[in-house]
file work.txt (compact mmCIF, C-alpha atoms)
# COMPACT_ATOMS: atom_id res chain seq x y z
CA MET A 158 -21.22 27.85 12.21
CA GLU A 159 -18.83 28.10 15.11
CA THR A 160 -15.15 27.86 14.19
CA ILE A 161 -14.56 24.94 16.58
CA ASN A 162 -17.46 22.90 15.12
CA LYS A 163 -16.42 23.77 11.57
CA TYR A 164 -12.95 22.30 12.00
CA SER A 165 -13.89 19.42 14.29
CA GLY A 166 -15.67 17.84 11.30
CA ILE A 167 -12.36 17.77 9.42
CA MET A 168 -10.54 16.24 12.38
CA ILE A 169 -13.26 13.62 12.97
CA SER A 170 -13.14 12.63 9.28
CA ILE A 171 -9.34 12.31 9.35
CA ARG A 172 -9.48 10.27 12.58
CA LYS A 173 -12.02 7.90 10.97
CA ILE A 174 -9.74 7.38 7.96
CA VAL A 175 -6.65 6.82 10.14
CA ARG A 176 -8.56 4.44 12.42
CA ALA A 177 -9.90 2.43 9.48
CA ILE A 178 -6.39 2.07 8.06
CA ASN A 179 -4.97 1.05 11.46
CA LEU A 180 -7.74 -1.52 12.00
CA GLU A 181 -7.20 -2.91 8.51
CA SER A 182 -3.44 -3.16 9.09
CA LYS A 183 -4.00 -5.06 12.34
CA ARG A 184 -6.56 -7.38 10.71
CA ILE A 185 -4.26 -8.26 7.81
CA GLU A 186 -1.33 -8.79 10.19
CA LYS A 187 -3.44 -11.05 12.45
CA ASP A 188 -5.16 -13.00 9.66
CA TYR A 189 -2.25 -13.42 7.24
CA GLY A 190 0.96 -12.41 9.05
CA LEU A 191 1.58 -9.65 6.50
CA SER A 192 1.68 -5.88 6.40
CA ILE A 193 -0.48 -4.08 3.85
CA PRO A 194 2.54 -3.23 1.65
CA GLN A 195 3.60 -6.89 1.76
CA LEU A 196 0.12 -8.02 0.72
CA LEU A 197 0.01 -5.43 -2.07
CA THR A 198 3.41 -6.69 -3.25
CA LEU A 199 2.17 -10.28 -3.46
CA LYS A 200 -0.99 -9.24 -5.28
CA PHE A 201 1.04 -7.10 -7.70
CA LEU A 202 3.25 -10.09 -8.54
CA GLU A 203 0.20 -12.32 -8.96
CA GLU A 204 -1.06 -10.02 -11.73
CA LYS A 205 2.26 -9.86 -13.61
CA THR A 206 3.27 -12.06 -16.53
CA GLU A 207 5.03 -15.14 -15.18
CA TYR A 208 4.38 -13.74 -11.66
CA LYS A 209 7.59 -11.75 -12.06
CA SER A 210 8.61 -8.11 -11.63
CA THR A 211 11.60 -5.86 -11.14
CA MET A 212 12.31 -3.85 -8.01
CA LYS A 213 11.85 -0.68 -10.06
CA ASP A 214 8.33 -1.64 -11.20
CA LEU A 215 7.42 -2.74 -7.69
CA LYS A 216 8.73 0.52 -6.24
CA GLU A 217 6.65 2.53 -8.71
CA HIS A 218 3.53 0.45 -8.07
CA LEU A 219 3.76 0.84 -4.29
CA SER A 220 4.90 4.49 -4.48
CA LEU A 221 7.55 3.79 -1.84
CA ASN A 222 11.26 4.49 -1.71
CA ALA A 223 13.80 1.86 -2.75
CA SER A 224 15.01 1.03 0.77
CA THR A 225 11.45 0.45 2.02
CA VAL A 226 10.69 -1.83 -0.94
CA SER A 227 13.96 -3.71 -0.32
CA GLY A 228 12.84 -4.35 3.26
CA ILE A 229 9.42 -5.56 2.13
CA VAL A 230 11.01 -7.90 -0.43
CA ALA A 231 13.52 -9.22 2.13
CA ARG A 232 10.76 -10.03 4.64
CA LEU A 233 8.60 -11.74 2.01
CA GLU A 234 11.61 -13.69 0.78
CA SER A 235 12.44 -14.84 4.33
CA LYS A 236 8.85 -16.14 4.63
CA GLY A 237 9.25 -18.06 1.36
CA LEU A 238 6.47 -16.08 -0.35
CA ILE A 239 8.69 -14.61 -3.07
CA ALA A 240 12.11 -15.40 -4.51
CA ARG A 241 14.81 -13.34 -6.19
CA LEU A 242 16.03 -14.79 -9.45
CA PRO A 243 19.56 -13.72 -10.33
CA ASN A 244 19.84 -12.65 -13.95
CA PRO A 245 23.08 -14.12 -15.37
CA ASN A 246 22.99 -11.58 -18.24
CA ASP A 247 22.62 -8.53 -16.01
CA LYS A 248 24.05 -8.58 -12.48
CA ARG A 249 22.32 -5.27 -11.67
CA SER A 250 18.84 -6.67 -12.30
CA THR A 251 17.36 -9.34 -10.05
CA PRO A 252 13.76 -10.18 -10.94
CA ILE A 253 11.38 -10.97 -8.09
CA ILE A 254 8.95 -13.85 -8.52
CA LEU A 255 5.93 -15.03 -6.57
CA THR A 256 6.44 -18.51 -5.13
CA SER A 257 3.74 -21.18 -4.97
CA SER A 258 3.49 -20.50 -1.20
CA GLY A 259 2.92 -16.81 -1.92
CA ASN A 260 0.32 -17.62 -4.55
CA LYS A 261 -1.46 -20.00 -2.17
CA LEU A 262 -1.57 -17.30 0.54
CA ILE A 263 -3.03 -14.74 -1.89
CA LYS A 264 -5.84 -17.14 -2.78
CA GLN A 265 -6.78 -17.22 0.93
CA THR A 266 -6.94 -13.44 1.33
CA ASP A 267 -10.02 -11.31 0.93
CA GLU A 268 -10.27 -7.84 -0.56
CA SER A 269 -8.30 -5.34 1.52
CA LEU A 270 -9.37 -1.78 2.33
CA HIS A 271 -6.74 -0.51 -0.10
CA GLU A 272 -8.15 -2.68 -2.88
CA ARG A 273 -11.72 -1.57 -2.13
CA VAL A 274 -10.62 2.06 -2.29
CA MET A 275 -8.84 1.45 -5.61
CA ARG A 276 -11.81 -0.44 -7.06
CA LYS A 277 -14.35 2.15 -5.96
CA SER A 278 -12.21 5.08 -7.04
CA ASN A 279 -12.21 3.68 -10.58
CA SER A 280 -15.88 4.70 -10.78
CA LEU A 281 -15.08 8.34 -10.01
CA THR A 282 -15.19 10.87 -12.79
CA ASP A 283 -11.97 12.77 -13.49
CA GLU A 284 -13.58 15.82 -11.88
CA GLU A 285 -14.48 13.91 -8.69
CA TYR A 286 -10.99 12.45 -8.51
CA GLN A 287 -9.41 15.90 -8.90
CA GLN A 288 -11.69 17.31 -6.18
CA ILE A 289 -10.55 14.62 -3.75
CA LEU A 290 -6.88 15.24 -4.61
CA VAL A 291 -7.28 19.00 -4.15
CA SER A 292 -9.02 18.41 -0.81
CA PHE A 293 -6.22 16.16 0.43
CA LYS A 294 -3.59 18.64 -0.73
CA THR A 295 -5.44 21.37 1.17
CA ILE A 296 -5.51 19.23 4.32
CA ILE A 297 -1.80 18.49 3.95
CA LYS A 298 -1.14 22.20 3.61
CA ILE A 299 -3.31 23.04 6.66
CA PHE A 300 -1.45 20.43 8.73
CA ASP A 301 1.86 21.73 7.36
CA ILE A 302 3.00 18.19 6.57
CA ASP A 303 4.25 18.53 2.99
CA ASP A 304 7.63 17.12 4.00
CA VAL A 305 6.29 14.03 5.83
CA ASP A 306 7.32 10.78 4.10
CA ALA A 307 4.35 8.63 3.09
CA SER A 308 6.31 5.38 3.46
CA PRO A 309 4.97 2.94 6.00
CA ILE A 310 6.39 3.15 9.50
CA ILE A 311 8.71 0.26 10.27
CA SER A 312 8.07 -1.20 13.72
CA GLY A 313 10.32 -4.15 14.45
CA GLN A 314 9.83 -6.44 11.46
CA THR A 315 6.44 -5.10 10.41
CA GLU A 316 5.49 -2.14 8.25
CA ILE A 317 2.53 -0.22 9.61

call {"tool": "encode", "arguments": {"input": "work.txt", "output": "C-alpha cells"}}
result
Amino acid sequence: METINKYSGIMISIRKIVRAINLESKRIEKDYGLSIPQLLTLKFLEEKTEYKSTMKDLKEHLSLNASTVSGIVARLESKGLIARLPNPNDKRSTPIILTSSGNKLIKQTDESLHERVMRKSNSLTDEEYQQILVSFKTIIKIFDIDDVDASPIISGQTEI
C-alpha cells in the first residue's frame, strides 16, 4: 500500500466525522435555536430529579470547563429555558432548573448525533470501547494536538 493512500484513509475518516458534527450543529441551531452543548444541558436537566442540577454536576456531565458551562447556562437562562434558583442556605450554590419552556422545547427535539453515538456506544464491549479510545489517542498523538482544548468554539453567541 502506498504511504499516501494509507494515510488518506485516516484523513478522509476524520473529515467525515468533523463534517457530520458540523452538519449536526447547524441543523440543531437552525431547527431549535440551540447549540449542541445547550441541547445536551437541557436534556441533562430533564433527566434529573426535580429537573434540577448544580453547575458542578453539569460541568462534569458535559466535560467542559466552568467558564464554558457558565456561558451555556447564561444563554439558556436569557432564552427562558432554564432558571437559577438562589439557595438561601448556601450562597455559593445556585441550583439550575429546567423551566416549562425548556421542557416543552426538549419534547419537540429529535435524537441528536451525540445521543445516537452515546446510545450505540452502550452496545460496545469493553474491549471495543478501549480499542476506539486507543485509536483516538493515537490520532491525537499523530496530529500532535494533546494540548488542544475540547471545549466548543464560541462564535458570537453560539457554541460550535

call {"tool": "residues_near_point", "arguments": {"input": "work.txt", "point": "(10.6, -12.7, -6.5)", "cutoff": "7 Å", "atoms": "only C-alpha atoms", "output": "list in words"}}
result
Lys209, Ile239, Ala240, Arg241, Leu242, Pro252, Ile253, Ile254 and Leu255 of chain A

call {"tool": "closest_residue", "arguments": {"input": "work.txt", "among": "A:Met275, A:Leu191, A:Leu290, A:Ile296", "to": "Gly259 (chain A)", "atoms": "all atoms listed in the file"}}
result
A:Leu191

call {"tool": "atom_distance", "arguments": {"input": "work.txt", "atom1": "CA of Ile263 (chain A)", "atom2": "CA of Ile193 (chain A)"}}
result
12.4 Å

call {"tool": "closest_residue", "arguments": {"input": "work.txt", "among": "A:Asn222, A:Ser182, A:Thr198, A:Asn244", "to": "Ser269 (chain A)", "atoms": "only C-alpha atoms"}}
result
A:Ser182

call {"tool": "residues_around", "arguments": {"input": "work.txt", "residues": "Gly237 (chain A)", "least_positions_apart": "2", "cutoff": "9 Å", "atoms": "only C-alpha atoms", "output": "ChimeraX atom specification"}}
result
/A:232-235,239-240,256-259

call {"tool": "atom_distance", "arguments": {"input": "work.txt", "atom1": "CA of Asn260 (chain A)", "atom2": "CA of Leu202 (chain A)"}}
result
9.0 Å

call {"tool": "atom_distance", "arguments": {"input": "work.txt", "atom1": "CA of Ser165 (chain A)", "atom2": "CA of Arg276 (chain A)"}}
result
29.2 Å

call {"tool": "residues_around", "arguments": {"input": "work.txt", "residues": "Ile171 (chain A)", "least_positions_apart": "5", "cutoff": "12 Å", "atoms": "all atoms listed in the file", "output": "list in words"}}
result
Tyr164, Ser165, Gly166, Arg176, Ala177, Ile178, Ser292, Phe293, Ile296, Ile297 and Phe300 of chain A

call {"tool": "axis_aligned_box", "arguments": {"input": "work.txt", "around": "region 268-276 of chain A", "padding_each_side": "5 Å", "output": "AutoDock Vina command-line options"}}
result
--center_x -9.3 --center_y -2.9 --center_z -2.4 --size_x 15.1 --size_y 19.9 --size_z 19.4

call {"tool": "closest_residue", "arguments": {"input": "work.txt", "among": "A:Leu270, A:Leu197, A:Ile229, A:Leu219", "to": "Arg184 (chain A)", "atoms": "all atoms listed in the file"}}
result
A:Leu270

call {"tool": "closest_residue", "arguments": {"input": "work.txt", "among": "A:Asn246, A:Val230, A:Glu181, A:Lys187", "to": "Ser210 (chain A)", "atoms": "only C-alpha atoms"}}
result
A:Val230

call {"tool": "closest_residue", "arguments": {"input": "work.txt", "among": "A:Val291, A:Pro245, A:His271, A:Asp214", "to": "Ser192 (chain A)", "atoms": "all atoms listed in the file"}}
result
A:His271

call {"tool": "decode", "arguments": {"input": "work.txt", "residues": "region 263-284 of chain A", "atoms": "N, CA, C and O atoms", "output": "PDB file, in the first residue's frame"}}
result
ATOM      1  N   ILE A 263     -37.596  20.612  24.611  1.00  0.00           N
ATOM      2  CA  ILE A 263     -36.989  19.277  24.570  1.00  0.00           C
ATOM      3  C   ILE A 263     -37.949  18.273  23.951  1.00  0.00           C
ATOM      4  O   ILE A 263     -37.542  17.412  23.174  1.00  0.00           O
ATOM      5  N   LYS A 264     -39.211  18.366  24.292  1.00  0.00           N
ATOM      6  CA  LYS A 264     -40.213  17.433  23.764  1.00  0.00           C
ATOM      7  C   LYS A 264     -40.327  17.530  22.246  1.00  0.00           C
ATOM      8  O   LYS A 264     -40.739  16.588  21.588  1.00  0.00           O
ATOM      9  N   GLN A 265     -39.944  18.682  21.679  1.00  0.00           N
ATOM     10  CA  GLN A 265     -40.014  18.890  20.233  1.00  0.00           C
ATOM     11  C   GLN A 265     -38.768  18.375  19.508  1.00  0.00           C
ATOM     12  O   GLN A 265     -38.804  18.187  18.302  1.00  0.00           O
ATOM     13  N   THR A 266     -37.692  18.159  20.237  1.00  0.00           N
ATOM     14  CA  THR A 266     -36.434  17.778  19.591  1.00  0.00           C
ATOM     15  C   THR A 266     -36.401  16.288  19.284  1.00  0.00           C
ATOM     16  O   THR A 266     -37.062  15.489  19.926  1.00  0.00           O
ATOM     17  N   ASP A 267     -35.600  15.950  18.280  1.00  0.00           N
ATOM     18  CA  ASP A 267     -35.377  14.549  17.966  1.00  0.00           C
ATOM     19  C   ASP A 267     -34.018  14.127  18.523  1.00  0.00           C
ATOM     20  O   ASP A 267     -33.329  14.926  19.152  1.00  0.00           O
ATOM     21  N   GLU A 268     -33.658  12.887  18.294  1.00  0.00           N
ATOM     22  CA  GLU A 268     -32.396  12.374  18.816  1.00  0.00           C
ATOM     23  C   GLU A 268     -31.232  13.006  18.056  1.00  0.00           C
ATOM     24  O   GLU A 268     -31.173  12.954  16.832  1.00  0.00           O
ATOM     25  N   SER A 269     -30.299  13.609  18.788  1.00  0.00           N
ATOM     26  CA  SER A 269     -29.147  14.248  18.160  1.00  0.00           C
ATOM     27  C   SER A 269     -28.063  13.223  17.849  1.00  0.00           C
ATOM     28  O   SER A 269     -28.084  12.089  18.343  1.00  0.00           O
ATOM     29  N   LEU A 270     -27.125  13.617  17.013  1.00  0.00           N
ATOM     30  CA  LEU A 270     -25.980  12.765  16.676  1.00  0.00           C
ATOM     31  C   LEU A 270     -25.253  12.324  17.942  1.00  0.00           C
ATOM     32  O   LEU A 270     -24.907  11.157  18.096  1.00  0.00           O
ATOM     33  N   HIS A 271     -25.050  13.250  18.859  1.00  0.00           N
ATOM     34  CA  HIS A 271     -24.366  12.925  20.115  1.00  0.00           C
ATOM     35  C   HIS A 271     -25.118  11.840  20.886  1.00  0.00           C
ATOM     36  O   HIS A 271     -24.522  10.920  21.430  1.00  0.00           O
ATOM     37  N   GLU A 272     -26.442  11.957  20.919  1.00  0.00           N
ATOM     38  CA  GLU A 272     -27.247  10.962  21.635  1.00  0.00           C
ATOM     39  C   GLU A 272     -27.211   9.612  20.929  1.00  0.00           C
ATOM     40  O   GLU A 272     -27.159   8.566  21.585  1.00  0.00           O
ATOM     41  N   ARG A 273     -27.235   9.620  19.593  1.00  0.00           N
ATOM     42  CA  ARG A 273     -27.134   8.357  18.854  1.00  0.00           C
ATOM     43  C   ARG A 273     -25.795   7.683  19.123  1.00  0.00           C
ATOM     44  O   ARG A 273     -25.740   6.468  19.323  1.00  0.00           O
ATOM     45  N   VAL A 274     -24.725   8.479  19.142  1.00  0.00           N
ATOM     46  CA  VAL A 274     -23.402   7.918  19.424  1.00  0.00           C
ATOM     47  C   VAL A 274     -23.389   7.320  20.831  1.00  0.00           C
ATOM     48  O   VAL A 274     -22.896   6.202  21.040  1.00  0.00           O
ATOM     49  N   MET A 275     -23.922   8.058  21.812  1.00  0.00           N
ATOM     50  CA  MET A 275     -23.948   7.537  23.182  1.00  0.00           C
ATOM     51  C   MET A 275     -24.773   6.258  23.278  1.00  0.00           C
ATOM     52  O   MET A 275     -24.359   5.282  23.888  1.00  0.00           O
ATOM     53  N   ARG A 276     -25.947   6.252  22.636  1.00  0.00           N
ATOM     54  CA  ARG A 276     -26.821   5.083  22.695  1.00  0.00           C
ATOM     55  C   ARG A 276     -26.148   3.878  22.044  1.00  0.00           C
ATOM     56  O   ARG A 276     -26.108   2.781  22.602  1.00  0.00           O
ATOM     57  N   LYS A 277     -25.573   4.090  20.868  1.00  0.00           N
ATOM     58  CA  LYS A 277     -24.951   2.973  20.151  1.00  0.00           C
ATOM     59  C   LYS A 277     -23.665   2.510  20.822  1.00  0.00           C
ATOM     60  O   LYS A 277     -23.332   1.324  20.771  1.00  0.00           O
ATOM     61  N   SER A 278     -22.955   3.417  21.457  1.00  0.00           N
ATOM     62  CA  SER A 278     -21.714   3.012  22.121  1.00  0.00           C
ATOM     63  C   SER A 278     -21.992   2.186  23.373  1.00  0.00           C
ATOM     64  O   SER A 278     -21.124   1.449  23.834  1.00  0.00           O
ATOM     65  N   ASN A 279     -23.202   2.256  23.901  1.00  0.00           N
ATOM     66  CA  ASN A 279     -23.567   1.419  25.046  1.00  0.00           C
ATOM     67  C   ASN A 279     -23.560  -0.063  24.689  1.00  0.00           C
ATOM     68  O   ASN A 279     -23.432  -0.912  25.565  1.00  0.00           O
ATOM     69  N   SER A 280     -23.704  -0.377  23.392  1.00  0.00           N
ATOM     70  CA  SER A 280     -23.712  -1.780  22.974  1.00  0.00           C
ATOM     71  C   SER A 280     -22.303  -2.328  22.728  1.00  0.00           C
ATOM     72  O   SER A 280     -22.141  -3.515  22.475  1.00  0.00           O
ATOM     73  N   LEU A 281     -21.302  -1.456  22.809  1.00  0.00           N
ATOM     74  CA  LEU A 281     -19.925  -1.907  22.617  1.00  0.00           C
ATOM     75  C   LEU A 281     -19.450  -2.722  23.812  1.00  0.00           C
ATOM     76  O   LEU A 281     -19.828  -2.433  24.955  1.00  0.00           O
ATOM     77  N   THR A 282     -18.613  -3.697  23.536  1.00  0.00           N
ATOM     78  CA  THR A 282     -17.972  -4.412  24.638  1.00  0.00           C
ATOM     79  C   THR A 282     -16.893  -3.497  25.213  1.00  0.00           C
ATOM     80  O   THR A 282     -16.487  -2.519  24.566  1.00  0.00           O
ATOM     81  N   ASP A 283     -16.421  -3.806  26.400  1.00  0.00           N
ATOM     82  CA  ASP A 283     -15.339  -3.018  27.000  1.00  0.00           C
ATOM     83  C   ASP A 283     -14.110  -3.024  26.085  1.00  0.00           C
ATOM     84  O   ASP A 283     -13.438  -2.013  25.940  1.00  0.00           O
ATOM     85  N   GLU A 284     -13.841  -4.162  25.470  1.00  0.00           N
ATOM     86  CA  GLU A 284     -12.689  -4.275  24.579  1.00  0.00           C
ATOM     87  C   GLU A 284     -12.844  -3.375  23.345  1.00  0.00           C
ATOM     88  O   GLU A 284     -11.913  -2.673  22.954  1.00  0.00           O
TER      89      GLU A 284
END
